[in-house]
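The file structure_33.csv comes next; it holds CSV, C-alpha atoms.
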```csv
chain,number,residue,atom,x,y,z
A,226,MET,CA,-43.5,102.7,61.4
A,227,ALA,CA,-47.0,101.4,60.4
A,228,VAL,CA,-47.1,99.3,63.6
A,229,GLY,CA,-46.5,102.4,65.7
A,230,VAL,CA,-49.6,104.0,64.1
A,231,ILE,CA,-51.9,101.0,63.9
A,232,ILE,CA,-51.5,99.8,67.6
A,233,PRO,CA,-52.7,103.1,69.2
A,234,LEU,CA,-55.5,103.4,66.7
A,235,LEU,CA,-56.7,99.8,67.5
A,236,TYR,CA,-56.5,100.6,71.2
A,237,LEU,CA,-58.7,103.7,70.7
A,238,VAL,CA,-61.3,101.8,68.6
A,239,ILE,CA,-61.5,98.9,71.2
A,240,ARG,CA,-61.8,101.3,74.0
A,241,ALA,CA,-64.4,103.4,72.2
A,242,PHE,CA,-66.8,100.5,71.5
A,243,GLU,CA,-66.5,98.6,74.7
A,244,VAL,CA,-69.7,100.1,76.1
A,245,ASP,CA,-73.4,99.2,75.4
A,246,ALA,CA,-75.4,100.9,72.6
A,247,GLN,CA,-77.2,103.4,74.8
A,248,THR,CA,-74.1,104.6,76.5
A,249,LEU,CA,-72.3,104.8,73.2
A,250,TYR,CA,-75.1,107.0,71.7
A,251,THR,CA,-74.9,109.3,74.7
A,252,ILE,CA,-71.1,109.6,74.3
A,253,VAL,CA,-71.0,110.1,70.6
A,254,PHE,CA,-73.7,112.8,70.4
A,255,ARG,CA,-72.8,115.0,73.3
A,256,GLN,CA,-73.3,118.7,72.9
A,257,ARG,CA,-69.8,119.2,74.4
A,258,HIS,CA,-68.2,117.9,71.2
A,259,LEU,CA,-69.5,121.0,69.3
A,260,GLU,CA,-68.0,123.3,71.9
A,261,LEU,CA,-64.6,121.5,71.7
A,262,LEU,CA,-64.7,121.5,67.9
A,263,ALA,CA,-65.4,125.3,67.9
A,264,ASN,CA,-62.6,125.9,70.4
A,265,THR,CA,-60.1,123.7,68.5
A,266,LEU,CA,-60.9,125.1,65.1
A,267,GLY,CA,-61.1,128.7,66.4
A,268,LEU,CA,-57.7,128.4,67.9
A,269,THR,CA,-56.2,126.7,64.8
A,270,LEU,CA,-57.6,129.4,62.5
A,271,GLY,CA,-56.4,132.2,64.9
A,272,VAL,CA,-52.9,130.8,65.1
A,273,LEU,CA,-52.7,130.5,61.3
A,274,ILE,CA,-53.8,134.1,60.7
A,275,PHE,CA,-51.4,135.3,63.5
A,276,ASP,CA,-48.5,133.3,61.9
A,277,LEU,CA,-49.3,134.7,58.5
A,278,ILE,CA,-49.3,138.2,59.8
A,279,LEU,CA,-45.7,137.7,61.1
A,280,ALA,CA,-44.3,135.3,58.6
A,281,LEU,CA,-45.2,136.9,55.3
A,282,PRO,CA,-43.8,140.4,56.0
A,283,LEU,CA,-40.6,138.8,57.5
A,284,ALA,CA,-40.2,136.6,54.4
A,285,TRP,CA,-40.6,139.6,52.1
A,286,ILE,CA,-38.2,141.8,54.2
A,287,PHE,CA,-35.5,139.1,54.1
A,288,SER,CA,-35.9,138.2,50.4
A,289,ARG,CA,-36.7,141.5,48.6
A,290,THR,CA,-35.0,144.3,50.6
A,291,ASN,CA,-31.5,145.2,51.6
A,292,PHE,CA,-32.2,143.5,55.0
A,293,ALA,CA,-31.6,140.2,53.2
A,294,SER,CA,-27.8,140.9,53.5
A,295,MET,CA,-28.1,141.0,57.3
A,296,ARG,CA,-27.7,137.2,57.9
A,297,SER,CA,-27.9,137.5,61.7
A,298,LEU,CA,-31.3,139.2,61.4
A,299,VAL,CA,-32.6,136.5,59.1
A,300,LEU,CA,-32.2,134.0,61.9
A,301,ILE,CA,-34.7,136.0,64.1
A,302,GLY,CA,-37.6,134.3,62.2
A,303,ALA,CA,-36.2,130.8,63.0
A,304,LEU,CA,-34.9,131.1,66.5
A,305,PRO,CA,-38.4,130.8,68.2
A,306,LEU,CA,-38.3,127.1,67.1
A,307,ALA,CA,-35.9,126.6,70.0
A,308,VAL,CA,-38.6,127.7,72.5
A,309,PRO,CA,-41.3,125.0,73.3
A,310,ALA,CA,-44.8,126.4,73.3
A,311,TYR,CA,-45.4,125.5,76.9
A,312,VAL,CA,-42.3,127.5,77.9
A,313,MET,CA,-43.6,130.5,76.0
A,314,ALA,CA,-46.9,130.0,77.9
A,315,TYR,CA,-45.1,130.0,81.2
A,316,ALA,CA,-43.2,133.1,80.2
A,317,LEU,CA,-46.5,135.0,79.3
A,318,LEU,CA,-48.2,133.9,82.5
A,319,GLY,CA,-45.1,135.0,84.5
A,320,LEU,CA,-45.2,138.5,83.0
A,321,GLY,CA,-48.8,139.4,84.1
A,322,GLY,CA,-50.7,139.1,87.4
A,323,THR,CA,-50.4,141.0,90.7
A,324,ASP,CA,-47.1,139.2,91.4
A,325,GLY,CA,-45.9,139.1,87.9
A,326,MET,CA,-42.6,140.5,86.5
A,327,LEU,CA,-44.2,143.6,85.0
A,328,ALA,CA,-46.1,144.3,88.2
A,329,GLN,CA,-42.9,144.1,90.2
A,330,PHE,CA,-41.1,146.6,87.9
A,331,THR,CA,-44.0,149.0,87.2
A,332,GLY,CA,-45.9,148.7,90.5
A,333,THR,CA,-49.2,148.4,88.6
A,334,PRO,CA,-50.9,145.0,88.3
A,335,ILE,CA,-51.3,143.9,84.7
A,336,PRO,CA,-54.0,141.4,83.7
A,337,ARG,CA,-52.5,137.9,83.2
A,338,ILE,CA,-52.9,136.7,79.6
A,339,SER,CA,-54.8,133.4,79.6
A,340,GLY,CA,-57.7,131.6,77.8
A,341,TYR,CA,-58.0,131.8,74.0
A,342,PHE,CA,-55.8,134.8,73.5
A,343,GLY,CA,-53.1,133.5,75.8
A,344,ALA,CA,-53.0,130.1,73.9
A,345,LEU,CA,-53.1,131.9,70.6
A,346,LEU,CA,-50.2,134.2,71.5
A,347,ALA,CA,-48.0,131.4,72.9
A,348,LEU,CA,-48.7,129.0,70.0
A,349,GLY,CA,-48.4,131.8,67.4
A,350,LEU,CA,-45.0,133.1,68.6
A,351,THR,CA,-43.5,129.5,68.6
A,352,THR,CA,-45.0,128.2,65.3
A,353,PHE,CA,-44.7,131.1,62.9
A,354,PRO,CA,-41.2,130.0,61.9
A,355,TYR,CA,-42.8,126.9,60.2
A,356,LEU,CA,-44.6,129.3,57.8
A,357,TYR,CA,-41.7,131.9,57.6
A,358,LEU,CA,-39.1,129.4,56.6
A,359,ASN,CA,-41.3,127.9,53.8
A,360,LEU,CA,-42.3,131.3,52.5
A,361,LEU,CA,-38.7,132.6,52.6
A,362,ALA,CA,-37.4,129.6,50.7
A,363,ALA,CA,-40.2,129.9,48.1
A,364,MET,CA,-39.6,133.6,47.6
A,365,ASN,CA,-35.9,133.1,47.0
A,366,LYS,CA,-36.6,130.5,44.3
A,367,LEU,CA,-39.2,132.5,42.3
A,368,ASP,CA,-38.2,133.6,38.8
A,369,PRO,CA,-37.7,137.4,38.7
A,370,SER,CA,-38.7,137.5,35.0
A,371,LEU,CA,-42.4,137.0,35.9
A,372,GLU,CA,-42.4,140.1,38.2
A,373,GLU,CA,-40.4,142.1,35.7
A,374,ALA,CA,-42.9,141.3,32.9
A,375,ALA,CA,-45.7,142.5,35.1
A,376,ARG,CA,-43.8,145.6,36.0
A,377,SER,CA,-43.1,146.4,32.3
A,378,LEU,CA,-46.9,146.3,31.8
A,379,GLY,CA,-47.3,149.2,34.2
A,380,HIS,CA,-48.7,147.3,37.2
A,381,HIS,CA,-48.2,148.7,40.7
A,382,PRO,CA,-45.8,146.8,43.0
A,383,ALA,CA,-48.8,146.0,45.3
A,384,VAL,CA,-50.7,144.6,42.4
A,385,ILE,CA,-47.7,142.5,41.3
A,386,PHE,CA,-47.3,141.1,44.8
A,387,VAL,CA,-51.0,140.1,45.0
A,388,ARG,CA,-51.5,138.8,41.5
A,389,VAL,CA,-48.0,137.4,40.6
A,390,VAL,CA,-46.1,136.6,43.9
A,391,LEU,CA,-48.8,135.3,46.2
A,392,PRO,CA,-50.3,132.7,43.8
A,393,GLN,CA,-46.8,131.2,43.5
A,394,LEU,CA,-46.5,131.0,47.3
A,395,LYS,CA,-49.5,128.8,47.7
A,396,PRO,CA,-47.6,125.5,48.0
A,397,ALA,CA,-45.2,127.0,50.6
A,398,PHE,CA,-48.2,128.4,52.6
A,399,LEU,CA,-50.0,125.0,52.4
A,400,ALA,CA,-46.8,123.1,53.6
A,401,GLY,CA,-46.0,125.5,56.4
A,402,GLY,CA,-49.6,126.0,57.3
A,403,LEU,CA,-50.1,122.2,57.7
A,404,LEU,CA,-47.2,122.0,60.1
A,405,VAL,CA,-48.8,124.8,62.1
A,406,VAL,CA,-52.2,123.1,62.1
A,407,LEU,CA,-50.8,119.8,63.2
A,408,HIS,CA,-48.8,121.4,66.0
A,409,VAL,CA,-51.8,123.3,67.3
A,410,LEU,CA,-54.1,120.2,67.1
A,411,GLY,CA,-51.7,118.1,69.0
A,412,ASP,CA,-50.6,120.6,71.6
A,413,PHE,CA,-51.5,119.9,75.2
A,414,GLY,CA,-49.1,121.8,77.4
A,415,THR,CA,-49.9,125.3,76.2
A,416,VAL,CA,-53.7,125.0,76.2
A,417,SER,CA,-53.7,123.3,79.7
A,418,LEU,CA,-51.6,126.2,81.1
A,419,MET,CA,-53.8,128.8,79.5
A,420,ARG,CA,-57.0,126.9,80.7
A,421,TYR,CA,-58.4,126.7,77.2
A,422,GLU,CA,-60.3,123.5,76.4
A,423,THR,CA,-59.5,121.9,73.1
A,424,PHE,CA,-59.8,118.2,72.1
A,425,SER,CA,-56.2,117.4,73.2
A,426,TYR,CA,-56.8,119.0,76.6
A,427,ALA,CA,-60.2,117.3,77.0
A,428,VAL,CA,-58.6,113.9,76.3
A,429,TYR,CA,-56.1,114.4,79.1
A,430,LEU,CA,-58.8,115.5,81.5
A,431,GLN,CA,-60.8,112.4,80.9
A,432,TYR,CA,-57.9,110.1,81.3
A,433,ALA,CA,-56.3,111.9,84.3
A,434,ALA,CA,-59.2,113.4,86.2
A,435,ALA,CA,-62.4,111.6,85.2
A,436,PHE,CA,-60.8,108.2,84.5
A,437,ASP,CA,-63.3,107.8,81.7
A,438,ARG,CA,-61.2,105.9,79.1
A,439,THR,CA,-64.2,105.3,76.8
A,440,TYR,CA,-65.0,109.0,76.4
A,441,ALA,CA,-61.3,109.9,76.2
A,442,ALA,CA,-61.0,107.4,73.3
A,443,TRP,CA,-63.9,109.0,71.5
A,444,LEU,CA,-62.4,112.4,71.9
A,445,ALA,CA,-59.1,111.1,70.5
A,446,LEU,CA,-60.9,109.6,67.6
A,447,TRP,CA,-62.7,112.9,66.9
A,448,LEU,CA,-59.3,114.6,67.0
A,449,LEU,CA,-57.9,112.1,64.5
A,450,VAL,CA,-60.8,112.7,62.2
A,451,ILE,CA,-60.1,116.5,62.3
A,452,THR,CA,-56.5,115.9,61.6
A,453,GLY,CA,-57.2,113.6,58.7
A,454,THR,CA,-59.6,116.1,57.3
A,455,PHE,CA,-56.9,118.8,57.3
A,456,LEU,CA,-54.4,116.4,55.7
A,457,PHE,CA,-56.9,115.5,53.0
A,458,LEU,CA,-57.7,119.1,52.2
A,459,GLU,CA,-54.1,120.1,52.1
A,460,SER,CA,-53.2,117.3,49.7
A,461,ARG,CA,-56.2,118.2,47.4
A,462,MET,CA,-55.2,121.9,47.4
A,463,LEU,CA,-51.5,121.2,46.9
A,464,ARG,CA,-52.4,118.9,43.9
A,465,ASN,CA,-54.0,121.9,42.2
A,466,ALA,CA,-51.2,124.3,43.1
A,467,ARG,CA,-48.5,124.2,40.5
A,468,ILE,CA,-45.7,126.7,39.9
A,469,LEU,CA,-44.6,127.3,36.3
A,470,ARG,CA,-41.0,128.5,36.0
A,471,THR,CA,-39.0,129.3,33.0
A,472,ALA,CA,-36.1,127.4,34.4
A,473,ALA,CA,-35.2,125.0,37.2
A,474,ARG,CA,-33.4,127.8,38.9
A,475,PRO,CA,-33.8,131.6,38.4
A,476,SER,CA,-31.3,132.8,35.8
A,477,ARG,CA,-30.7,136.0,37.7
A,478,HIS,CA,-31.3,137.3,41.2
A,479,TYR,CA,-33.7,140.0,42.3
A,480,THR,CA,-32.7,143.6,42.6
A,481,LEU,CA,-33.1,144.2,46.3
A,482,LEU,CA,-35.3,147.1,47.4
A,483,GLN,CA,-33.2,149.7,49.2
A,484,LEU,CA,-35.2,150.8,52.3
A,485,ARG,CA,-34.4,154.3,53.4
A,486,TRP,CA,-36.9,156.3,55.4
A,487,THR,CA,-38.9,153.1,56.1
A,488,ALA,CA,-35.8,151.2,57.3
A,489,PRO,CA,-36.2,152.2,61.0
A,490,TRP,CA,-39.9,151.1,61.0
A,491,VAL,CA,-38.9,147.8,59.4
A,492,PHE,CA,-36.2,147.3,61.9
A,493,ILE,CA,-38.6,148.0,64.8
A,494,PHE,CA,-41.0,145.3,63.4
A,495,VAL,CA,-38.2,142.8,63.1
A,496,ALA,CA,-36.9,143.6,66.6
A,497,ALA,CA,-40.4,143.4,68.1
A,498,VAL,CA,-40.8,139.9,66.6
A,499,GLY,CA,-37.5,138.8,67.9
A,500,LEU,CA,-38.2,140.3,71.4
A,501,ALA,CA,-41.5,138.6,71.6
A,502,GLY,CA,-40.3,135.2,70.2
A,503,ILE,CA,-37.0,134.9,72.0
A,504,GLY,CA,-36.6,137.8,74.4
A,505,ALA,CA,-39.9,137.3,76.4
A,506,PRO,CA,-39.2,133.7,77.4
A,507,LEU,CA,-35.5,134.4,78.2
A,508,ILE,CA,-36.2,137.5,80.2
A,509,SER,CA,-39.1,136.0,82.1
A,510,ALA,CA,-37.2,132.7,82.8
A,511,SER,CA,-34.1,134.7,84.0
A,512,TYR,CA,-36.2,136.9,86.2
A,513,TRP,CA,-37.9,134.0,88.0
A,514,LEU,CA,-34.6,132.1,88.2
A,515,LEU,CA,-32.9,135.1,90.0
A,516,PHE,CA,-36.0,135.6,92.1
A,517,SER,CA,-35.9,132.0,93.3
A,518,LEU,CA,-32.2,132.2,93.8
A,519,ALA,CA,-32.6,135.3,96.0
A,520,PHE,CA,-35.3,133.6,98.0
A,521,TRP,CA,-33.3,130.5,98.8
A,522,LEU,CA,-30.2,132.6,99.6
A,523,LEU,CA,-32.3,134.7,102.0
A,524,TYR,CA,-33.8,131.5,103.5
A,525,ALA,CA,-30.3,130.0,103.9
A,526,GLY,CA,-29.1,133.2,105.6
A,527,LEU,CA,-32.1,133.1,108.0
A,528,GLU,CA,-31.3,129.5,108.9
A,529,VAL,CA,-27.7,130.3,109.6
A,530,PHE,CA,-28.7,133.3,111.7
A,531,ALA,CA,-31.3,131.3,113.7
A,532,GLY,CA,-28.6,128.6,114.4
A,533,MET,CA,-26.2,131.1,115.9
```
Please re-express this file's structure in structure tokens.
Amino acid sequence: MAVGVIIPLLYLVIRAFEVDAQTLYTIVFRQRHLELLANTLGLTLGVLIFDLILALPLAWIFSRTNFASMRSLVLIGALPLAVPAYVMAYALLGLGGTDGMLAQFTGTPIPRISGYFGALLALGLTTFPYLYLNLLAAMNKLDPSLEEAARSLGHHPAVIFVRVVLPQLKPAFLAGGLLVVLHVLGDFGTVSLMRYETFSYAVYLQYAAAFDRTYAAWLALWLLVITGTFLFLESRMLRNARILRTAARPSRHYTLLQLRWTAPWVFIFVAAVGLAGIGAPLISASYWLLFSLAFWLLYAGLEVFAGM
């Protein structure tokens, strides 16, 4: 395993320092590095926030409310893991545009999602399960007595969630967030389809288009430095995040909150997440498959008619 890590790293170092000092200085201190760094970190932060907005409410719904008994709905938060990010990007691109699926059905051209927001949406919808599963598991393992003690002191449920529950979820957030960060940093297919330049996309362009292996090696080394920085920060923060429980396992389970008049709105939120994470790529892929099939059937029919 160590050999598989060291050999590519040695290759990058050798490639990076195979030029003269003047060229090396020009490569290392290019202004473009700051632009790529801003793009990469901006996308990473945006995906993290997007994932948290989806994952935290879903984890709470399926661990603290009567929706937890609906096992089939619990899987909605995990199913997007089966959809590669670049497939989601294809699906989003296929929905918009003058010849997109939505334009064909509505008759009105809808702008095609691309660039930063396209990459954020495609990556966010396929990576939020990393955060959701960690938060859900952590919430199910928390000791109810801590929240009951805060409730007995007269604290509002929102205050209890912020001051009692959230601090205990820090390790789960760091673990799931790290997976999201590493996925975004290493992703190439999605950002290339969305035409949004990050370090991984720039590395490919230098190798495939510019044939500048030295500059590509330096870009890859910069990406490794960024990744190592995130790993270091996560380990430092995780070291200081400790959960104190009264027992290895909670002695009793939570009393699930029975949603009544808010249940339809919660169901709409869960259904919207499922439709966006699973429905969109399936519907888009099915549409273009049927469209291609109809085209080739028409083409074959014309060939037969022409030969008669």
Original post:
Skipping near chain neighbours, those fewer than 3 positions away, what residues fall within 8 Å of range 479-491 of chain A using all atoms listed in the file, listed as a ChimeraX atom specification?
Top reply: /A:286,288-291,369,494-495
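Using all atoms listed in the file, the nearest neighbour of Met419 in chain A within the list A:Leu345, A:Leu394, A:Leu371, A:Ala441 is A:Leu345.
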**OP:** Might you pull out every residue within 12 Å of Phe455 in chain A, with all atoms listed in the file counted and same-chain residues fewer than 2 positions away left off, and present them as a list in words?
**Re:**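 Everything that qualifies: Leu266, Thr269, Leu270, Leu399, Ala400, Gly402, Leu403, Leu404, Val405, Val406, Leu407, Leu410, Leu448, Leu449, Val450, Ile451, Thr452, Gly453, Phe457, Leu458, Glu459, Ser460, Arg461, Met462 and Leu463 of chain A.
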Output as CSV one row per residue of range 324-404 of chain A within 12 Å of range 295-307 of chain A: the closest atom pair and its distance in Å to one decimal place, counting all atoms listed in the file, sorted by chain and residue number ascending.
```
residue,atom,partner,partner_atom,distance
A:Ala347,CA,A:Pro305,CA,10.7
A:Leu348,CA,A:Pro305,CA,10.6
A:Gly349,CA,A:Pro305,CA,10.1
A:Leu350,CA,A:Pro305,CA,7.0
A:Thr351,CA,A:Pro305,CA,5.3
A:Thr352,CA,A:Leu306,CA,7.0
A:Phe353,CA,A:Gly302,CA,7.8
A:Pro354,CA,A:Ala303,CA,5.2
A:Tyr355,CA,A:Ala303,CA,8.2
A:Leu356,CA,A:Gly302,CA,9.7
A:Tyr357,CA,A:Gly302,CA,6.6
A:Leu358,CA,A:Ala303,CA,7.2
A:Asn359,CA,A:Ala303,CA,10.9
A:Leu360,CA,A:Gly302,CA,11.2
A:Leu361,CA,A:Val299,CA,9.7
A:Ala362,CA,A:Val299,CA,11.9
```
Subject >> Nearby residues (all atoms listed in the file) at most 10 Å from Leu418 in chain A, same-chain spacing under 6 positions excluded, as a ChimeraX atom specification >> reply: /A:311-312,314-315,318,339-340,343-344,426
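Of note, CA of Phe330 in chain A and CA of Val416 in chain A are spaced 27.6 Å apart.
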**OP:** Compile the contact shell of Pro336 in chain A as a list in words: residues with an atom at most 12 Å away, counting all atoms listed in the file, same-chain residues fewer than 5 positions apart removed.
**Re:** Leu317, Leu318, Gly319, Leu320, Gly321, Gly322, Thr323, Asp324, Gly325, Met326, Leu327, Ala328 and Gly343 of chain A
Original post:
Of the candidates A:Gln431, A:Thr454, A:Thr439, A:Thr415, which one gets nearest to Met313 in chain A if we count all atoms listed in the file?
Top reply: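 Of all the options, A:Thr415 lies closest to Met313 in chain A.
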Original post:
So how many Å separate CA of Leu237 in chain A and CA of Ala442 in chain A, to one decimal?
Top reply: 5.1 Å
